[in-house]
>>> print(open('upload32.txt').read())   # compact mmCIF, C-alpha atoms
# COMPACT_ATOMS: atom_id res chain seq x y z
CA MET B 1380 -134.21 -115.88 67.35
CA ASN B 1381 -130.80 -114.40 68.14
CA LEU B 1382 -129.32 -116.30 65.22
CA GLY B 1383 -131.80 -114.65 62.89
CA LYS B 1384 -130.86 -111.25 64.14
CA HIS B 1385 -127.19 -111.96 63.63
CA TYR B 1386 -127.94 -113.24 60.14
CA TYR B 1387 -129.75 -110.08 59.12
CA PHE B 1388 -127.09 -107.92 60.76
CA ASP B 1389 -124.29 -109.71 58.85
CA LEU B 1390 -126.28 -109.44 55.65
CA ALA B 1391 -126.77 -105.70 56.11
CA ALA B 1392 -123.08 -105.22 56.94
CA GLY B 1393 -122.10 -107.19 53.86
CA LEU B 1394 -124.41 -105.16 51.64
CA LEU B 1395 -123.04 -101.92 53.10
CA ALA B 1396 -119.44 -103.01 52.54
CA GLY B 1397 -120.29 -104.01 49.00
CA PHE B 1398 -121.96 -100.66 48.42
CA ILE B 1399 -118.86 -98.82 49.72
CA VAL B 1400 -116.59 -100.84 47.42
CA LEU B 1401 -118.93 -100.13 44.52
CA LEU B 1402 -118.99 -96.43 45.40
CA ILE B 1403 -115.19 -96.30 45.50
CA GLY B 1404 -115.08 -97.99 42.11
CA VAL B 1405 -117.55 -95.47 40.70
CA VAL B 1406 -115.49 -92.57 42.06
CA ILE B 1407 -112.31 -94.03 40.54
CA TRP B 1408 -114.11 -94.61 37.24
CA LEU B 1409 -115.50 -91.06 37.22
CA GLY B 1410 -112.05 -89.72 38.03
CA SER B 1411 -110.57 -91.65 35.13
CA GLN B 1412 -113.29 -90.27 32.87
CA MET B 1413 -112.63 -86.70 34.03
CA GLY B 1414 -108.85 -87.06 33.75
CA ILE B 1415 -106.28 -85.04 35.62
CA ARG B 1416 -107.31 -81.50 36.54
CA VAL B 1417 -104.85 -78.60 36.70
CA THR B 1418 -105.14 -75.04 37.99
CA THR B 1419 -102.85 -72.05 38.30
CA GLN B 1420 -102.10 -70.03 41.41
CA SER B 1421 -101.46 -66.27 41.44
CA SER B 1422 -101.71 -63.66 44.18
CA THR B 1423 -103.07 -61.04 41.78
CA GLY B 1424 -105.31 -62.75 39.24
CA ASN B 1425 -103.79 -63.00 35.77
CA THR B 1426 -100.77 -60.86 36.64
CA LEU B 1427 -97.58 -61.84 38.42
CA GLY B 1428 -94.13 -60.54 39.27
CA PRO B 1429 -91.31 -60.45 36.72
CA PHE B 1430 -89.74 -63.56 38.26
CA GLY B 1431 -93.02 -65.39 38.72
CA PRO B 1432 -93.13 -68.07 39.69
CA LEU B 1433 -95.75 -69.58 37.42
CA THR B 1434 -97.48 -72.20 39.57
CA LEU B 1435 -99.44 -75.22 38.38
CA VAL B 1436 -101.34 -77.42 40.83
CA PHE B 1437 -102.47 -80.90 39.70
CA SER B 1438 -105.35 -82.94 41.12
CA GLU B 1439 -103.05 -85.92 41.66
CA ALA B 1440 -99.37 -86.77 41.66
CA VAL B 1441 -97.83 -86.48 38.19
CA ASP B 1442 -94.59 -87.43 36.47
CA GLU B 1443 -92.16 -84.51 36.23
CA THR B 1444 -90.72 -85.45 32.83
CA LEU B 1445 -94.13 -85.94 31.20
CA VAL B 1446 -95.38 -82.58 32.51
CA THR B 1447 -92.37 -80.47 31.53
CA ALA B 1448 -92.42 -81.98 28.01
CA LYS B 1449 -95.94 -80.59 27.54
CA PHE B 1450 -95.23 -77.16 29.10
CA PHE B 1451 -94.87 -74.18 26.72
CA ILE B 1452 -94.86 -70.39 27.02
CA GLN B 1453 -95.56 -68.04 24.14
CA PRO B 1454 -93.48 -66.02 23.42
CA GLU B 1455 -90.79 -68.49 24.41
CA VAL B 1456 -89.20 -68.01 27.83
CA LYS B 1457 -86.28 -70.01 29.20
CA GLY B 1458 -86.31 -70.95 32.85
CA VAL B 1459 -86.13 -73.68 35.47
CA PHE B 1460 -88.76 -76.04 36.86
CA ARG B 1461 -88.97 -76.41 40.63
CA TRP B 1462 -91.25 -79.07 42.12
CA VAL B 1463 -92.67 -78.26 45.53
CA ASP B 1464 -94.17 -81.76 45.65
CA ALA B 1465 -95.52 -84.30 43.15
CA ARG B 1466 -98.62 -82.15 42.55
CA THR B 1467 -97.19 -78.59 42.57
CA LEU B 1468 -94.89 -77.13 39.91
CA HIS B 1469 -93.15 -73.75 39.89
CA PHE B 1470 -91.61 -72.28 36.74
CA VAL B 1471 -89.06 -69.49 37.31
CA PRO B 1472 -87.75 -67.58 34.26
CA ASP B 1473 -84.01 -67.11 33.77
CA GLU B 1474 -84.66 -63.50 32.79
CA PRO B 1475 -87.57 -61.43 34.10
CA PHE B 1476 -90.85 -61.51 32.19
CA GLU B 1477 -91.13 -58.31 30.17
CA PRO B 1478 -93.68 -55.60 31.02
CA ASP B 1479 -96.35 -54.68 28.46
CA THR B 1480 -96.22 -58.21 27.03
CA ALA B 1481 -99.08 -60.72 26.92
CA TYR B 1482 -97.80 -64.23 27.68
CA LYS B 1483 -99.63 -67.50 27.13
CA LEU B 1484 -98.92 -70.64 29.14
CA VAL B 1485 -99.94 -73.87 27.41
CA LEU B 1486 -100.07 -77.40 28.81
CA ASP B 1487 -100.68 -79.92 26.03
CA ALA B 1488 -103.11 -82.83 26.45
CA GLY B 1489 -101.75 -86.30 27.02
CA PRO B 1490 -100.60 -88.72 29.73
CA LEU B 1491 -99.14 -87.05 32.83
CA THR B 1492 -98.38 -90.20 34.84
CA ASN B 1493 -96.57 -93.43 34.08
CA GLU B 1494 -99.87 -95.24 34.67
CA GLY B 1495 -101.43 -93.32 31.78
CA ALA B 1496 -103.61 -90.82 33.67
CA LEU B 1497 -104.53 -88.17 31.12
CA LEU B 1498 -104.91 -84.46 30.82
CA LYS B 1499 -107.75 -84.90 28.34
CA LYS B 1500 -107.78 -81.40 26.89
CA SER B 1501 -105.00 -78.89 26.40
CA ARG B 1502 -105.13 -76.05 28.91
CA SER B 1503 -103.95 -72.47 28.43
CA TRP B 1504 -103.71 -69.35 30.58
CA THR B 1505 -102.74 -65.78 29.70
CA PHE B 1506 -100.84 -63.49 32.04
CA ARG B 1507 -98.98 -60.18 32.19
CA VAL B 1508 -96.39 -58.67 34.48
CA ARG B 1509 -97.90 -56.47 37.19
CA PRO B 1510 -96.68 -52.87 37.68
CA PRO B 1511 -93.78 -52.83 40.19
CA LEU B 1512 -94.08 -51.16 43.57
CA VAL B 1513 -91.43 -49.37 45.61
CA ALA B 1514 -91.32 -50.11 49.35
CA TYR B 1515 -89.93 -47.49 51.72
CA LEU B 1516 -89.73 -46.56 55.40
CA VAL B 1517 -91.27 -43.50 57.05
CA PHE B 1518 -90.33 -42.31 60.58
CA ALA B 1519 -92.74 -40.28 62.71
CA GLU B 1520 -92.91 -39.61 66.47
CA ASN B 1521 -90.67 -42.45 67.66
CA ARG B 1522 -92.49 -44.89 65.37
CA SER B 1523 -91.85 -46.07 61.87
CA ARG B 1524 -94.01 -47.55 59.17
CA LEU B 1525 -93.50 -49.33 55.87
CA TRP B 1526 -95.33 -48.12 52.77
CA THR B 1527 -95.46 -48.99 49.10
CA ILE B 1528 -96.02 -46.67 46.17
CA GLU B 1529 -96.81 -47.21 42.50
CA PRO B 1530 -94.17 -44.99 40.83
CA ASP B 1531 -96.31 -44.25 37.76
CA THR B 1532 -99.57 -43.41 39.54
CA GLY B 1533 -98.38 -42.22 42.96
CA LYS B 1534 -100.85 -44.57 44.70
CA THR B 1535 -99.64 -45.54 48.19
CA ASN B 1536 -100.51 -48.39 50.54
CA PRO B 1537 -99.34 -49.08 54.12
CA LEU B 1538 -97.55 -52.39 54.65
CA THR B 1539 -97.46 -52.12 58.45
CA ASP B 1540 -99.50 -50.33 61.09
CA GLU B 1541 -98.20 -47.75 63.58
CA SER B 1542 -97.47 -50.24 66.37
CA PHE B 1543 -93.98 -51.10 65.09
CA LYS B 1544 -90.68 -49.36 65.63
CA ILE B 1545 -88.96 -50.65 62.50
CA PHE B 1546 -85.18 -50.69 62.19
CA ASP B 1547 -84.69 -51.82 58.57
CA PHE B 1548 -86.10 -54.20 55.94
CA ASP B 1549 -85.57 -56.09 52.69
CA ALA B 1550 -87.94 -57.00 49.83
CA SER B 1551 -88.08 -60.41 48.17
CA ARG B 1552 -86.89 -60.72 44.58
CA ASP B 1553 -90.29 -62.02 43.41
CA GLY B 1554 -92.03 -59.06 45.07
CA GLU B 1555 -94.39 -61.22 47.16
CA PHE B 1556 -93.24 -60.23 50.65
CA VAL B 1557 -91.07 -58.02 52.83
CA ILE B 1558 -89.03 -58.99 55.89
CA PHE B 1559 -88.43 -56.22 58.42
CA SER B 1560 -86.72 -55.93 61.80
CA ALA B 1561 -88.53 -54.19 64.66
CA PHE B 1562 -87.79 -53.49 68.33
CA ASN B 1563 -89.55 -55.62 70.93
CA GLU B 1564 -90.47 -55.00 74.58
CA GLN B 1565 -87.08 -56.31 75.74
CA GLN B 1566 -85.30 -53.72 73.59
CA GLY B 1567 -84.12 -56.50 71.36
CA ILE B 1568 -85.00 -56.68 67.67
CA ASP B 1569 -87.20 -59.36 66.05
CA LEU B 1570 -87.72 -60.31 62.40
CA TRP B 1571 -91.20 -60.02 60.87
CA ARG B 1572 -92.74 -60.95 57.52
CA VAL B 1573 -95.55 -59.14 55.67
CA ASP B 1574 -97.14 -59.77 52.25
CA ARG B 1575 -96.87 -57.19 49.44
CA SER B 1576 -100.48 -56.13 50.04
CA GLY B 1577 -99.83 -55.35 53.71
CA THR B 1578 -101.71 -58.44 54.92
CA ASN B 1579 -100.62 -61.52 56.85
CA THR B 1580 -98.08 -59.83 59.14
CA VAL B 1581 -96.37 -62.60 61.15
CA LEU B 1582 -93.50 -62.82 63.60
CA LEU B 1583 -90.80 -64.69 61.69
CA LEU B 1584 -88.08 -64.89 64.36
CA GLU B 1585 -88.40 -63.93 68.02
CA CYS B 1586 -84.99 -62.80 69.25
CA GLY B 1587 -85.78 -61.71 72.83
CA PRO B 1588 -83.07 -59.36 74.14
CA ASP B 1589 -80.79 -60.09 71.15
CA ARG B 1590 -80.79 -57.81 68.14
CA CYS B 1591 -81.63 -59.49 64.81
CA SER B 1592 -81.45 -56.96 62.00
CA VAL B 1593 -80.17 -56.13 58.51
CA PRO B 1594 -82.20 -58.89 56.76
CA ALA B 1595 -81.12 -59.98 53.28
CA ILE B 1596 -83.53 -62.33 51.49
CA SER B 1597 -82.08 -65.01 49.21
CA PRO B 1598 -82.89 -64.66 45.48
CA ASP B 1599 -85.17 -67.74 45.60
CA GLY B 1600 -87.01 -66.37 48.64
CA SER B 1601 -86.39 -69.43 50.80
CA GLN B 1602 -83.86 -68.01 53.29
CA VAL B 1603 -82.91 -64.77 54.96
CA ALA B 1604 -79.40 -63.88 56.09
CA TYR B 1605 -79.31 -61.43 58.96
CA VAL B 1606 -77.05 -59.89 61.61
CA ARG B 1607 -77.39 -61.12 65.20
CA GLU B 1608 -75.92 -59.26 68.15
CA ALA B 1609 -76.23 -61.11 71.45
CA ALA B 1610 -77.48 -59.18 74.46
CA GLY B 1611 -75.03 -58.60 77.32
CA PRO B 1612 -75.45 -60.26 80.74
CA SER B 1613 -77.07 -57.05 82.02
CA SER B 1614 -78.72 -54.01 80.47
CA GLU B 1615 -75.67 -51.90 81.38
CA LEU B 1616 -73.37 -53.97 79.16
CA GLN B 1617 -73.12 -53.51 75.40
CA PHE B 1618 -74.34 -55.99 72.82
CA GLY B 1619 -71.96 -58.59 71.48
CA SER B 1620 -70.13 -58.37 68.17
CA PRO B 1621 -72.25 -58.83 65.03
CA ARG B 1622 -72.38 -62.24 63.39
CA ILE B 1623 -74.20 -63.45 60.28
CA TRP B 1624 -76.99 -65.99 60.78
CA LEU B 1625 -79.09 -67.86 58.24
CA LEU B 1626 -82.81 -68.56 58.72
CA ASN B 1627 -84.90 -70.92 56.59
CA ILE B 1628 -88.18 -69.04 56.15
CA THR B 1629 -90.33 -72.19 55.85
CA SER B 1630 -88.76 -74.65 58.30
CA LYS B 1631 -87.56 -71.92 60.71
CA GLU B 1632 -84.18 -73.68 60.92
CA ASP B 1633 -81.82 -71.01 62.25
CA ALA B 1634 -78.04 -71.21 62.63
CA PRO B 1635 -74.86 -69.12 62.36
CA LEU B 1636 -73.50 -68.83 58.84
CA TYR B 1637 -70.00 -69.71 60.07
CA GLU B 1638 -69.26 -72.49 62.57
CA ASP B 1639 -66.29 -70.50 63.87
CA GLN B 1640 -67.78 -68.05 66.37
CA GLN B 1641 -64.73 -65.83 65.93
CA THR B 1642 -65.92 -64.98 62.41
CA LEU B 1643 -67.73 -61.66 62.66
CA GLY B 1644 -69.74 -59.92 59.96
CA TYR B 1645 -72.19 -57.20 59.07
CA LYS B 1646 -74.26 -56.20 56.01
CA PRO B 1647 -74.87 -59.60 54.40
CA MET B 1648 -75.51 -59.56 50.65
CA TRP B 1649 -76.40 -62.42 48.30
CA SER B 1650 -75.00 -62.89 44.83
CA PRO B 1651 -77.76 -62.84 42.15
CA ASP B 1652 -77.51 -66.61 41.64
CA GLY B 1653 -77.86 -67.25 45.37
CA THR B 1654 -74.60 -69.21 45.72
CA ASN B 1655 -72.55 -66.60 47.61
CA ILE B 1656 -73.01 -64.39 50.67
CA SER B 1657 -70.70 -61.47 51.37
CA SER B 1658 -70.27 -59.68 54.71
CA PHE B 1659 -67.93 -57.10 56.25
CA ASN B 1660 -65.83 -57.38 59.41
CA GLY B 1661 -64.93 -53.87 60.51
CA LEU B 1662 -62.58 -55.06 63.27
CA SER B 1663 -60.27 -56.86 60.85
CA ASP B 1664 -61.01 -54.62 57.81
CA GLU B 1665 -61.99 -57.49 55.57
CA ILE B 1666 -64.83 -58.57 53.34
CA ARG B 1667 -65.60 -62.27 53.44
CA VAL B 1668 -67.37 -64.02 50.54
CA LEU B 1669 -68.66 -67.52 51.27
CA ASN B 1670 -69.72 -69.95 48.55
CA LEU B 1671 -72.61 -71.95 50.01
CA ILE B 1672 -72.11 -74.85 47.60
CA THR B 1673 -68.37 -75.42 47.86
CA ASN B 1674 -67.94 -73.81 51.32
CA LYS B 1675 -64.91 -71.96 49.94
CA GLN B 1676 -64.19 -68.46 51.24
CA LEU B 1677 -62.71 -65.41 49.58
CA ILE B 1678 -61.27 -62.77 51.89
CA LEU B 1679 -60.73 -59.25 50.53
CA THR B 1680 -58.99 -56.49 52.46
CA SER B 1681 -61.08 -53.33 52.75
CA LYS B 1682 -61.00 -50.43 55.20
CA LYS B 1683 -64.40 -49.27 54.01
CA GLY B 1684 -66.27 -52.52 53.45
CA TYR B 1685 -69.56 -51.14 52.23
CA PRO B 1686 -71.33 -50.58 49.89
CA VAL B 1687 -70.78 -53.56 47.60
CA THR B 1688 -72.52 -54.89 44.49
CA TRP B 1689 -72.51 -57.97 42.25
CA SER B 1690 -72.47 -58.30 38.48
CA ALA B 1691 -75.63 -59.82 37.01
CA ASP B 1692 -73.91 -63.17 36.30
CA SER B 1693 -72.45 -63.34 39.84
CA SER B 1694 -68.92 -63.60 38.45
CA THR B 1695 -67.67 -60.22 39.69
CA PHE B 1696 -67.86 -58.63 43.12
CA VAL B 1697 -67.38 -54.84 43.28
CA TYR B 1698 -66.50 -53.12 46.56
CA THR B 1699 -64.99 -49.96 48.01
CA ASP B 1700 -61.73 -49.46 49.87
CA ILE B 1701 -59.54 -46.67 51.25
CA GLU B 1702 -55.83 -46.45 50.55
CA THR B 1703 -53.21 -44.06 51.92
CA THR B 1704 -51.08 -42.41 49.22
CA ASP B 1705 -48.41 -39.71 49.10
CA PHE B 1706 -51.21 -37.24 48.42
CA GLY B 1707 -53.41 -38.39 51.29
CA PRO B 1708 -56.21 -40.96 51.57
CA ARG B 1709 -57.98 -42.08 48.41
CA THR B 1710 -61.27 -43.94 48.11
CA LEU B 1711 -61.05 -46.79 45.60
CA ILE B 1712 -63.49 -49.01 43.74
CA ARG B 1713 -62.18 -52.52 43.22
CA ALA B 1714 -63.56 -55.51 41.30
CA ALA B 1715 -62.87 -59.11 42.27
CA ASP B 1716 -63.35 -61.60 39.43
CA LEU B 1717 -64.34 -64.87 41.11
CA THR B 1718 -63.83 -66.92 37.93
CA LEU B 1719 -60.26 -65.68 37.35
CA ASN B 1720 -59.46 -65.24 41.04
CA GLU B 1721 -58.01 -61.78 40.51
CA THR B 1722 -58.76 -58.26 41.75
CA VAL B 1723 -58.34 -54.99 39.85
CA THR B 1724 -58.87 -51.36 40.78
CA LEU B 1725 -61.55 -49.69 38.66
CA PHE B 1726 -61.41 -46.16 40.05
CA GLY B 1727 -59.34 -44.07 42.41
CA GLU B 1728 -55.83 -45.33 41.90
CA LYS B 1729 -54.76 -42.39 39.74
CA ASP B 1730 -57.20 -39.75 40.99
CA GLU B 1731 -55.69 -36.33 41.65
CA ARG B 1732 -57.99 -35.93 44.67
CA ASP B 1733 -60.31 -38.09 46.72
CA TYR B 1734 -63.78 -38.42 45.18
CA TYR B 1735 -65.16 -40.32 48.21
CA TYR B 1736 -66.66 -43.06 46.05
CA ASN B 1737 -69.82 -44.48 47.57
CA SER B 1738 -73.16 -46.06 46.57
CA LEU B 1739 -72.63 -48.97 44.17
CA ALA B 1740 -75.33 -50.65 42.05
CA TRP B 1741 -74.59 -52.92 39.06
CA SER B 1742 -77.35 -53.13 36.47
CA PRO B 1743 -79.04 -56.55 36.28
CA VAL B 1744 -78.98 -56.66 32.46
CA GLU B 1745 -75.91 -54.89 31.13
CA GLN B 1746 -72.44 -53.49 31.76
CA ALA B 1747 -73.70 -50.46 33.67
CA LEU B 1748 -72.58 -49.44 37.13
CA VAL B 1749 -74.00 -46.64 39.29
CA ILE B 1750 -71.45 -44.94 41.54
CA GLY B 1751 -71.90 -42.28 44.20
CA LEU B 1752 -69.16 -39.66 44.36
CA ARG B 1753 -68.34 -36.07 45.27
CA PHE B 1754 -67.80 -34.00 42.14
CA GLU B 1755 -66.91 -30.81 44.02
CA GLU B 1756 -63.74 -30.93 46.09
CA ASN B 1757 -64.92 -28.74 48.98
CA SER B 1758 -68.48 -30.03 49.22
CA ILE B 1759 -70.00 -33.08 50.91
CA ALA B 1760 -72.75 -33.27 48.27
CA GLU B 1761 -72.82 -36.67 46.57
CA ALA B 1762 -74.03 -37.31 43.02
CA LEU B 1763 -74.95 -40.53 41.24
CA TRP B 1764 -73.00 -41.37 38.09
CA LEU B 1765 -74.06 -44.09 35.62
CA MET B 1766 -71.09 -45.49 33.73
CA ASN B 1767 -69.71 -48.43 31.77
CA PRO B 1768 -66.89 -50.14 33.71
CA ALA B 1769 -65.16 -51.15 30.47
CA THR B 1770 -65.09 -47.75 28.74
CA ARG B 1771 -65.37 -45.52 31.86
CA ASP B 1772 -67.88 -43.37 29.93
CA GLY B 1773 -71.01 -42.26 31.68
CA GLN B 1774 -73.54 -39.65 32.71
CA VAL B 1775 -74.78 -37.96 35.86
CA ILE B 1776 -78.30 -39.14 36.69
CA ALA B 1777 -78.77 -37.25 39.99
CA GLY B 1778 -76.48 -34.39 40.79
CA LYS B 1779 -77.95 -31.24 42.34
CA SER B 1780 -75.11 -29.37 44.03
CA ASP B 1781 -76.70 -29.23 47.51
CA TYR B 1782 -77.99 -32.80 47.74
CA VAL B 1783 -76.70 -36.18 48.87
CA TYR B 1784 -77.93 -39.17 46.84
CA SER B 1785 -77.47 -42.74 48.08
CA ILE B 1786 -78.77 -46.36 48.16
CA PRO B 1787 -79.45 -46.71 44.41
CA THR B 1788 -81.40 -49.85 43.49
CA TRP B 1789 -82.20 -51.12 39.98
CA ASP B 1790 -85.54 -52.52 38.90
CA PRO B 1791 -85.44 -56.10 37.47
CA TRP B 1792 -85.15 -54.88 33.86
CA GLY B 1793 -82.37 -52.32 34.40
CA THR B 1794 -84.59 -49.51 33.06
CA ALA B 1795 -85.27 -47.59 36.28
CA LEU B 1796 -83.42 -46.73 39.46
CA VAL B 1797 -84.76 -45.64 42.85
CA PHE B 1798 -82.59 -43.95 45.44
CA GLN B 1799 -82.62 -41.96 48.66
CA GLN B 1800 -81.87 -38.24 48.69
CA PHE B 1801 -81.83 -35.35 51.13
CA LYS B 1802 -80.97 -31.66 50.94
CA LEU B 1803 -77.91 -30.49 52.86
CA ARG B 1804 -79.44 -27.17 53.84
CA GLY B 1805 -82.68 -26.65 55.70
CA VAL B 1806 -84.87 -29.19 57.50
CA TYR B 1807 -83.74 -32.80 57.10
CA GLU B 1808 -86.42 -34.43 54.99
CA PRO B 1809 -85.38 -37.65 53.23
CA GLU B 1810 -87.00 -38.29 49.87
CA ILE B 1811 -87.29 -41.19 47.43
CA GLY B 1812 -86.18 -40.31 43.92
CA ILE B 1813 -86.55 -42.25 40.68
CA TRP B 1814 -84.61 -42.15 37.42
CA LYS B 1815 -85.68 -43.71 34.14
CA ARG B 1816 -83.89 -43.69 30.83
CA GLY B 1817 -85.00 -40.71 28.79
CA ILE B 1818 -87.11 -39.27 31.63
CA GLU B 1819 -86.09 -36.53 34.04
CA THR B 1820 -85.31 -37.61 37.61
CA ARG B 1821 -88.16 -36.87 40.04
CA VAL B 1822 -89.26 -37.37 43.65
CA ILE B 1823 -91.99 -39.96 44.24
CA ALA B 1824 -92.27 -40.06 48.06
CA LYS B 1825 -90.98 -38.82 51.41
CA GLY B 1826 -89.09 -41.64 53.10
CA LEU B 1827 -86.01 -43.80 53.49
CA MET B 1828 -84.40 -47.02 52.23
CA PRO B 1829 -86.25 -47.57 48.92
CA ARG B 1830 -86.54 -51.15 47.67
CA TRP B 1831 -88.22 -52.42 44.53
CA LEU B 1832 -91.17 -54.72 45.18
CA PRO B 1833 -91.78 -56.04 41.65
>>> encode(input="upload32.txt", output="structure tokens")
Amino acid sequence: MNLGKHYYFDLAAGLLAGFIVLLIGVVIWLGSQMGIRVTTQSSTGNTLGPFGPLTLVFSEAVDETLVTAKFFIQPEVKGVFRWVDARTLHFVPDEPFEPDTAYKLVLDAGPLTNEGALLKKSRSWTFRVRPPLVAYLVFAENRSRLWTIEPDTGKTNPLTDESFKIFDFDASRDGEFVIFSAFNEQQGIDLWRVDRSGTNTVLLLECGPDRCSVPAISPDGSQVAYVREAAGPSSELQFGSPRIWLLNITSKEDAPLYEDQQTLGYKPMWSPDGTNISSFNGLSDEIRVLNLITNKQLILTSKKGYPVTWSADSSTFVYTDIETTDFGPRTLIRAADLTLNETVTLFGEKDERDYYYNSLAWSPVEQALVIGLRFEENSIAEALWLMNPATRDGQVIAGKSDYVYSIPTWDPWGTALVFQQFKLRGVYEPEIGIWKRGIETRVIAKGLMPRWLP
């Protein structure tokens, strides 16, 4: 009797196992009939930032070479392919996608794996570049808040709520997120991350009593360089000297940029290609440029140290300095050519008086440099001058006699510039101004530290 039961049990188990094997075979067969499936990912529907990335997600692991051979964009766009994993592809353009242009991404049909798994039908998607935003900081009643504004429409949106006391921030190159520093309950400063829509606010780096500030996001959005000042042994003692640290945004790996703890630095800035980081040591009056690939360092003497800017191709580093002459101190603008390993003085060497050069911003697409300077000898008002470094010709783009203009920042296409301004007389009320070619300069918001969020 027991043997019979065991027999029927074994028979049922065998039938079930056979059914499972058959079911797996059917699923595999159906999958082969359906072929490989592919979808796109975008945070805003069929629009994306000027630097993308365009993202394709495949239903199974694919061969990189076979996929990229079938990948086309109309009109043609040159760029690089970056594989997150065997199923996820990012395409990043070398130059920003153009506004007011309809693009079409095409993936041709054909085998996408070495085993012959097919994309049975060609797929295509259309997309446009979304309108860029400008992020800025607003202070009110011992609190501060990040906002964005659409320059063309004036529409605003809060990025953070009123619970933060924000120190400063930076916006990612692709416009997808912002990293900001904010005071914590220990009077230290932490690093936070928030999406461009103001959602998904997360603590990126908890620094306790230390101060972690002045974030600078890498061009590819994977890392953030920042300044860390260690807390003293007691609240009565000052913070330690500033040092540059580097945080991997995904893995959270965090370490000093320089192994030598005697190397101090402030105001980190990335080169556009992401291979160099510059910083300023005010104690030794030097700017240090570190190449992250070769680990070579370039040290430039500067008594001013900031602001600095990079040429679009990352070959030239422009910075300010102060030199004592027979006629008194003179502010200089120097350019260090990293390919030729030589430094030249662009402005100030032969000036009859000190123009207090300040505010540097090199256009991302052409030989155009914005410089802040004082046109009037007995006034502290600062204007913004757009000029060609080769010809020294230029034009004033913001220059009211009783204003100070600073922190100019170009949009990705080099067609518009945002900056901070305030009036020297009356109530201090910082404003965000914008300049576009052929359009009169205007104010778009009340706030500080404008950054493009494309």
>>> residues_around(input="upload32.txt", residues="B:Leu1796", least_positions_apart="2", cutoff="10 Å", atoms="all atoms listed in the file", output="JSON list (two decimals) with C-alpha atoms, in the frame of the given file")
[["chain", "number", "residue", "atom", "x", "y", "z"],
["B", 1740, "ALA", "CA", -75.33, -50.65, 42.05],
["B", 1742, "SER", "CA", -77.35, -53.13, 36.47],
["B", 1749, "VAL", "CA", -74.00, -46.64, 39.29],
["B", 1776, "ILE", "CA", -78.30, -39.14, 36.69],
["B", 1786, "ILE", "CA", -78.77, -46.36, 48.16],
["B", 1787, "PRO", "CA", -79.45, -46.71, 44.41],
["B", 1788, "THR", "CA", -81.40, -49.85, 43.49],
["B", 1789, "TRP", "CA", -82.20, -51.12, 39.98],
["B", 1790, "ASP", "CA", -85.54, -52.52, 38.90],
["B", 1791, "PRO", "CA", -85.44, -56.10, 37.47],
["B", 1793, "GLY", "CA", -82.37, -52.32, 34.40],
["B", 1794, "THR", "CA", -84.59, -49.51, 33.06],
["B", 1798, "PHE", "CA", -82.59, -43.95, 45.44],
["B", 1812, "GLY", "CA", -86.18, -40.31, 43.92],
["B", 1813, "ILE", "CA", -86.55, -42.25, 40.68],
["B", 1814, "TRP", "CA", -84.61, -42.15, 37.42],
["B", 1815, "LYS", "CA", -85.68, -43.71, 34.14],
["B", 1816, "ARG", "CA", -83.89, -43.69, 30.83],
["B", 1820, "THR", "CA", -85.31, -37.61, 37.61],
["B", 1829, "PRO", "CA", -86.25, -47.57, 48.92],
["B", 1830, "ARG", "CA", -86.54, -51.15, 47.67],
["B", 1831, "TRP", "CA", -88.22, -52.42, 44.53]]
>>> atom_distance(input="upload32.txt", atom1="atom CA of B:Ala1550", atom2="atom CA of B:Pro1621")
21.9 Å
>>> closest_residue(input="upload32.txt", among="B:Phe1548, B:Phe1618, B:Tyr1784, B:Phe1506", to="B:Ala1604", atoms="all atoms listed in the file")
B:Phe1548
>>> atom_distance(input="upload32.txt", atom1="atom CA of B:Ala1777", atom2="atom CA of B:Ile1759")
14.6 Å
>>> atom_distance(input="upload32.txt", atom1="atom CA of B:Phe1437", atom2="atom CA of B:Arg1416")
5.8 Å
>>> closest_residue(input="upload32.txt", among="B:Leu1748, B:Leu1765, B:Leu1468, B:Val1603", to="B:Phe1450", atoms="all atoms listed in the file")
B:Leu1468
>>> closest_residue(input="upload32.txt", among="B:Ala1595, B:Val1513, B:Ala1609, B:Val1557", to="B:Val1797", atoms="all atoms listed in the file")
B:Val1513
>>> residues_around(input="upload32.txt", residues="B:Leu1433", least_positions_apart="2", cutoff="9 Å", atoms="all atoms listed in the file", output="list in words")
Thr1419, Gln1420, Ser1421, Leu1427, Phe1430, Gly1431, Leu1435, Leu1468, His1469, Phe1470, Val1471, Pro1472 and Leu1484 of chain B
>>> closest_residue(input="upload32.txt", among="B:Ala1448, B:Ala1514, B:Val1485, B:Ile1558", to="B:Ile1811", atoms="all atoms listed in the file")
B:Ala1514
>>> residues_around(input="upload32.txt", residues="B:Asp1473", least_positions_apart="3", cutoff="10 Å", atoms="only C-alpha atoms", output="PyMOL selection string")
chain B and resi 1430+1456-1459+1470+1476
>>> residues_near_point(input="upload32.txt", point="(-78.4, -63.9, 47.4)", cutoff="10 Å", atoms="only C-alpha atoms", output="MDAnalysis selection string")
chainID B and resid 1552 1595:1600 1602:1604 1647:1657 1689 1693
>>> residues_around(input="upload32.txt", residues="B:Glu1529", least_positions_apart="6", cutoff="10 Å", atoms="only C-alpha atoms", output="list in words")
Pro1510, Pro1511, Leu1512, Val1513, Ala1514, Thr1535, Asn1536, Ile1823 and Leu1832 of chain B
